[in-house]
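query-v3.cif, holding mmCIF, C-alpha atoms:
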data_protein
loop_
_atom_site.label_atom_id
_atom_site.label_comp_id
_atom_site.auth_asym_id
_atom_site.auth_seq_id
_atom_site.Cartn_x
_atom_site.Cartn_y
_atom_site.Cartn_z
CA MET A 1 -33.99 -51.10 -49.96
CA ARG A 2 -33.74 -52.75 -46.59
CA LYS A 3 -30.68 -50.75 -45.51
CA PRO A 4 -32.38 -47.30 -45.52
CA PHE A 5 -35.43 -48.72 -43.72
CA ALA A 6 -33.26 -50.48 -41.12
CA LEU A 7 -31.19 -47.34 -40.66
CA SER A 8 -34.34 -45.21 -40.22
CA LEU A 9 -35.72 -47.70 -37.70
CA PHE A 10 -32.41 -47.74 -35.80
CA ILE A 11 -32.26 -43.90 -35.66
CA ALA A 12 -35.89 -43.72 -34.48
CA LEU A 13 -35.13 -46.29 -31.75
CA LEU A 14 -32.09 -44.28 -30.57
CA LEU A 15 -34.09 -41.05 -30.48
CA ASN A 16 -36.84 -42.75 -28.50
CA LEU A 17 -34.35 -44.17 -25.97
CA ALA A 18 -32.66 -40.80 -25.61
CA ALA A 19 -35.97 -39.06 -24.97
CA CYS A 20 -37.15 -41.59 -22.39
CA GLY A 21 -33.95 -42.61 -20.64
CA THR A 22 -32.16 -39.34 -20.01
CA PRO A 23 -33.28 -37.56 -16.86
CA ALA A 24 -33.44 -33.79 -17.08
CA ALA A 25 -30.64 -31.97 -15.31
CA PRO A 26 -31.83 -30.18 -12.17
CA GLU A 27 -32.29 -26.45 -12.50
CA LEU A 28 -30.05 -24.61 -10.05
CA GLU A 29 -30.32 -21.08 -8.70
CA THR A 30 -27.93 -19.02 -6.57
CA LEU A 31 -29.60 -16.82 -3.97
CA THR A 32 -27.65 -13.95 -2.42
CA LEU A 33 -28.83 -12.77 0.99
CA PRO A 34 -27.44 -9.85 3.02
CA LEU A 35 -26.49 -10.34 6.65
CA ALA A 36 -29.28 -9.21 8.97
CA GLU A 37 -26.93 -8.57 11.90
CA ARG A 38 -23.18 -8.24 12.17
CA ALA A 39 -20.92 -7.06 14.95
CA TRP A 40 -17.51 -7.71 16.41
CA PHE A 41 -16.47 -7.52 20.02
CA THR A 42 -13.21 -7.19 21.92
CA GLU A 43 -12.34 -8.77 25.22
CA GLU A 44 -11.27 -5.42 26.62
CA GLN A 45 -14.47 -3.57 25.59
CA PRO A 46 -17.22 -6.22 25.48
CA GLU A 47 -19.96 -3.64 25.97
CA ALA A 48 -19.07 -1.84 22.73
CA ARG A 49 -20.18 -3.34 19.44
CA GLY A 50 -17.30 -3.30 17.00
CA SER A 51 -19.39 -1.68 14.33
CA GLU A 52 -19.60 1.35 16.61
CA LEU A 53 -15.87 1.29 17.37
CA VAL A 54 -14.75 1.00 13.74
CA PRO A 55 -17.61 1.39 11.27
CA ASP A 56 -17.99 -0.95 8.31
CA THR A 57 -15.65 -3.71 9.52
CA LEU A 58 -15.78 -7.14 11.11
CA ARG A 59 -12.66 -8.24 13.01
CA VAL A 60 -11.51 -11.60 14.34
CA GLY A 61 -8.27 -12.53 16.05
CA ARG A 62 -6.14 -11.04 18.78
CA THR A 63 -5.08 -7.49 19.52
CA TYR A 64 -1.38 -6.66 19.81
CA ASP A 65 -1.69 -7.00 23.61
CA GLY A 66 -3.35 -10.43 23.46
CA LYS A 67 -7.03 -9.53 23.75
CA ASP A 68 -9.55 -11.68 21.90
CA ILE A 69 -11.61 -10.19 19.08
CA PHE A 70 -14.53 -12.19 17.72
CA ALA A 71 -17.46 -11.57 15.41
CA LEU A 72 -21.08 -12.66 15.30
CA VAL A 73 -23.20 -12.59 12.16
CA LYS A 74 -26.79 -13.57 11.41
CA VAL A 75 -28.76 -14.11 8.21
CA GLN A 76 -32.53 -13.88 7.89
CA LEU A 77 -33.50 -16.79 5.65
CA ASP A 78 -36.27 -16.73 3.08
CA GLY A 79 -39.23 -18.80 4.27
CA GLU A 80 -39.79 -20.10 0.73
CA ILE A 81 -36.51 -22.09 0.74
CA LYS A 82 -36.76 -25.71 1.92
CA ALA A 83 -33.84 -27.56 3.56
CA GLY A 84 -33.97 -30.29 0.90
CA GLN A 85 -33.40 -27.74 -1.87
CA VAL A 86 -30.09 -26.48 -0.45
CA LEU A 87 -27.02 -27.90 -2.16
CA GLU A 88 -24.44 -25.43 -0.81
CA ALA A 89 -24.39 -22.36 1.43
CA TRP A 90 -21.40 -20.04 1.71
CA LEU A 91 -20.77 -17.15 4.08
CA CYS A 92 -18.81 -14.69 1.90
CA LEU A 93 -16.57 -12.11 3.56
CA LYS A 94 -14.38 -9.56 1.77
CA ILE A 95 -10.93 -9.36 3.35
CA ALA A 96 -9.99 -5.75 4.04
CA GLU A 97 -6.80 -6.47 6.00
CA ASN A 98 -5.01 -9.69 6.92
CA ASN A 99 -2.32 -9.62 9.58
CA GLY A 100 -1.27 -13.25 9.17
CA GLY A 101 -4.68 -14.80 9.86
CA SER A 102 -5.18 -18.09 8.08
CA SER A 103 -7.58 -20.26 10.01
CA ILE A 104 -11.04 -18.95 10.81
CA GLN A 105 -12.98 -21.04 13.33
CA ILE A 106 -16.76 -20.97 13.37
CA GLY A 107 -19.61 -22.25 15.46
CA ALA A 108 -23.34 -21.80 15.83
CA PRO A 109 -24.36 -20.20 19.14
CA ALA A 110 -26.80 -22.29 21.20
CA GLY A 111 -28.75 -19.21 22.25
CA PRO A 112 -29.19 -15.50 21.54
CA TRP A 113 -26.27 -13.15 22.01
CA GLU A 114 -26.36 -9.68 23.49
CA ALA A 115 -24.44 -6.54 22.58
CA ASP A 116 -22.39 -6.79 25.79
CA ILE A 117 -21.28 -10.43 25.39
CA ALA A 118 -17.71 -11.16 26.48
CA CYS A 119 -15.38 -13.48 24.60
CA GLU A 120 -15.40 -16.31 27.15
CA ASP A 121 -19.22 -16.16 27.23
CA ALA A 122 -19.35 -16.28 23.43
CA ARG A 123 -17.06 -19.33 23.35
CA ALA A 124 -19.24 -21.04 25.97
CA LEU A 125 -22.41 -20.16 24.03
CA VAL A 126 -20.94 -21.65 20.86
CA GLY A 127 -19.40 -24.77 22.40
CA ASP A 128 -17.51 -26.77 19.79
CA LEU A 129 -15.73 -24.73 17.17
CA ARG A 130 -14.66 -26.14 13.84
CA THR A 131 -12.07 -24.86 11.46
CA ALA A 132 -13.96 -23.49 8.51
CA ARG A 133 -13.54 -25.18 5.17
CA GLN A 134 -12.62 -22.13 3.22
CA ALA A 135 -11.47 -21.05 -0.19
CA LEU A 136 -9.82 -17.69 -0.65
CA ALA A 137 -10.79 -16.48 -4.11
CA THR A 138 -8.38 -14.40 -6.16
CA ASP A 139 -10.54 -11.32 -5.70
CA GLY A 140 -10.01 -11.28 -1.92
CA TRP A 141 -13.24 -12.95 -0.77
CA LEU A 142 -13.17 -15.61 1.93
CA GLN A 143 -15.88 -18.23 1.47
CA ILE A 144 -16.88 -20.30 4.49
CA ASP A 145 -19.01 -23.39 4.00
CA ILE A 146 -22.04 -23.22 6.35
CA THR A 147 -24.26 -25.60 4.39
CA GLN A 148 -25.09 -27.81 7.39
CA GLN A 149 -26.04 -24.84 9.60
CA VAL A 150 -28.32 -23.39 6.91
CA LYS A 151 -30.01 -26.76 6.31
CA GLY A 152 -30.54 -27.09 10.06
CA TRP A 153 -32.08 -23.62 10.33
CA LEU A 154 -34.41 -24.33 7.42
CA ALA A 155 -35.40 -27.65 9.04
CA GLY A 156 -36.55 -25.82 12.18
CA GLU A 157 -33.45 -25.32 14.37
CA GLU A 158 -33.19 -21.89 16.04
CA ASN A 159 -31.09 -19.47 14.01
CA PHE A 160 -28.79 -17.60 16.39
CA GLY A 161 -26.24 -16.90 13.67
CA ILE A 162 -22.58 -17.81 13.31
CA ALA A 163 -19.68 -16.90 15.59
CA LEU A 164 -16.27 -16.31 14.00
CA PHE A 165 -12.94 -16.64 15.80
CA GLU A 166 -9.36 -16.62 14.54
CA GLY A 167 -7.72 -20.04 14.85
CA ASN A 168 -4.19 -18.64 15.12
CA PRO A 169 -3.83 -17.04 18.57
CA SER A 170 -1.51 -14.24 17.44
CA THR A 171 -3.13 -12.86 14.29
CA GLU A 172 -6.06 -10.72 13.20
CA THR A 173 -8.23 -10.57 10.08
CA VAL A 174 -10.39 -7.58 9.19
CA PHE A 175 -13.38 -8.03 6.88
CA ALA A 176 -15.39 -5.34 5.12
CA ALA A 177 -18.86 -5.06 6.64
CA GLY A 178 -20.45 -2.02 5.06
CA ASP A 179 -23.46 -2.06 2.77
CA GLY A 180 -21.63 -1.54 -0.52
CA GLU A 181 -20.04 -3.89 -3.02
CA GLY A 182 -17.90 -5.57 -0.37
CA ALA A 183 -20.76 -6.23 2.04
CA PRO A 184 -20.74 -9.66 3.68
CA ARG A 185 -23.40 -11.98 2.35
CA LEU A 186 -24.73 -15.52 2.26
CA GLU A 187 -24.82 -17.32 -1.08
CA ILE A 188 -27.11 -20.35 -1.25
CA ILE A 189 -27.19 -22.70 -4.22
CA ILE A 190 -30.60 -24.37 -4.41
CA GLU A 191 -32.26 -26.89 -6.66
CA LYS A 192 -35.41 -25.33 -8.05
CA ARG A 193 -38.49 -27.56 -7.76
#

Show me the file's structure as structure tokens.
Amino acid sequence: MRKPFALSLFIALLLNLAACGTPAAPELETLTLPLAERAWFTEEQPEARGSELVPDTLRVGRTYDGKDIFALVKVQLDGEIKAGQVLEAWLCLKIAENNGGSSIQIGAPAGPWEADIACEDARALVGDLRTARQALATDGWLQIDITQQVKGWLAGEENFGIALFEGNPSTETVFAAGDGEGAPRLEIIIEKR
């Protein structure tokens, strides 16, 4: 008779420990935000926004004659998101054409940018560039980790967007920038609280 009672007591103790000692897994949510602004610029025509030159694209790299092409993008963040909730933030760009580009460099501008900004002014406004940690998915999307920038913006830093440059001085990458399925976007993984 003691064995069934002891077994019942042991099972009840295990169930009690499991209920009290196991923390609940955090509930995660992925938010997808469209880009509020996006444009690319060439060194030879800095006054013309790229979206007006070639609609629905973002370009970074160099032209065949050695002129710089760079892009600037900006995301309007939801005021309900708190910096401490953000686990990851990815700028997602659909590759439309890749002419050997492999190393996108990014930086956060220190001030607002104008439609007539020239490449050397954009580089000066950005300051230090870093090679983007990136993962090219099989479906042709380039994902750039901008978690630290997003956390900074949510903590109160000015959001002047992200500047994109090609790291290889002789290549060019073209990204889709329309409003359809291939539209550039920001994906933020947050912990719901």

I'd like to see the residues matched by the PyMOL selection byres ((chain A and resi 119) around 9) on this file, and ideally I'd get them as a VMD selection string. chain A and resid 41 to 43 46 68 to 70 117 to 118 120 to 124

Kindly extract all protein, DNA and RNA residues lying within 12 Å of the coordinates (-19.0, -7.5, 2.7) given in the file, considering only C-alpha atoms, and supply them as an MDAnalysis selection string. chainID A and resid 32:35 38 56:58 73 91:96 140:143 174:186

Name the residues that the PyMOL selection byres ((chain A and resi 188-190) around 10) pulls out of this structure, and write them as a count of residues only. 28

Can you work out the spacing between CA of Phe160 in chain A and CA of Leu77 in chain A in Å, to one decimal?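 Between these atoms lies a distance of 11.8 Å.
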
Which residues are close to range 162-166 of chain A, i.e. within 6 Å by only C-alpha atoms, leaving aside same-chain residues fewer than 2 positions away? Reply as a list in words.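 In the requested form, the answer reads Val60, Gly61, Phe70, Ala71, Leu72, Val73, Ile104, Gln105, Ile106, Gly107, Ala108 and Asn168 of chain A.
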
What's the separation between CA of Asn98 in chain A and CA of Leu125 in chain A, in Å to one decimal place?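 Atom-to-atom, CA of Asn98 in chain A to CA of Leu125 in chain A, that is 26.6 Å.
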
Enter the distance from CA of Lys74 in chain A to CA of Glu37 in chain A, in Å, rounded to one decimal.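 Answer for the CA of Lys74 in chain A to CA of Glu37 in chain A separation: 5.0 Å.
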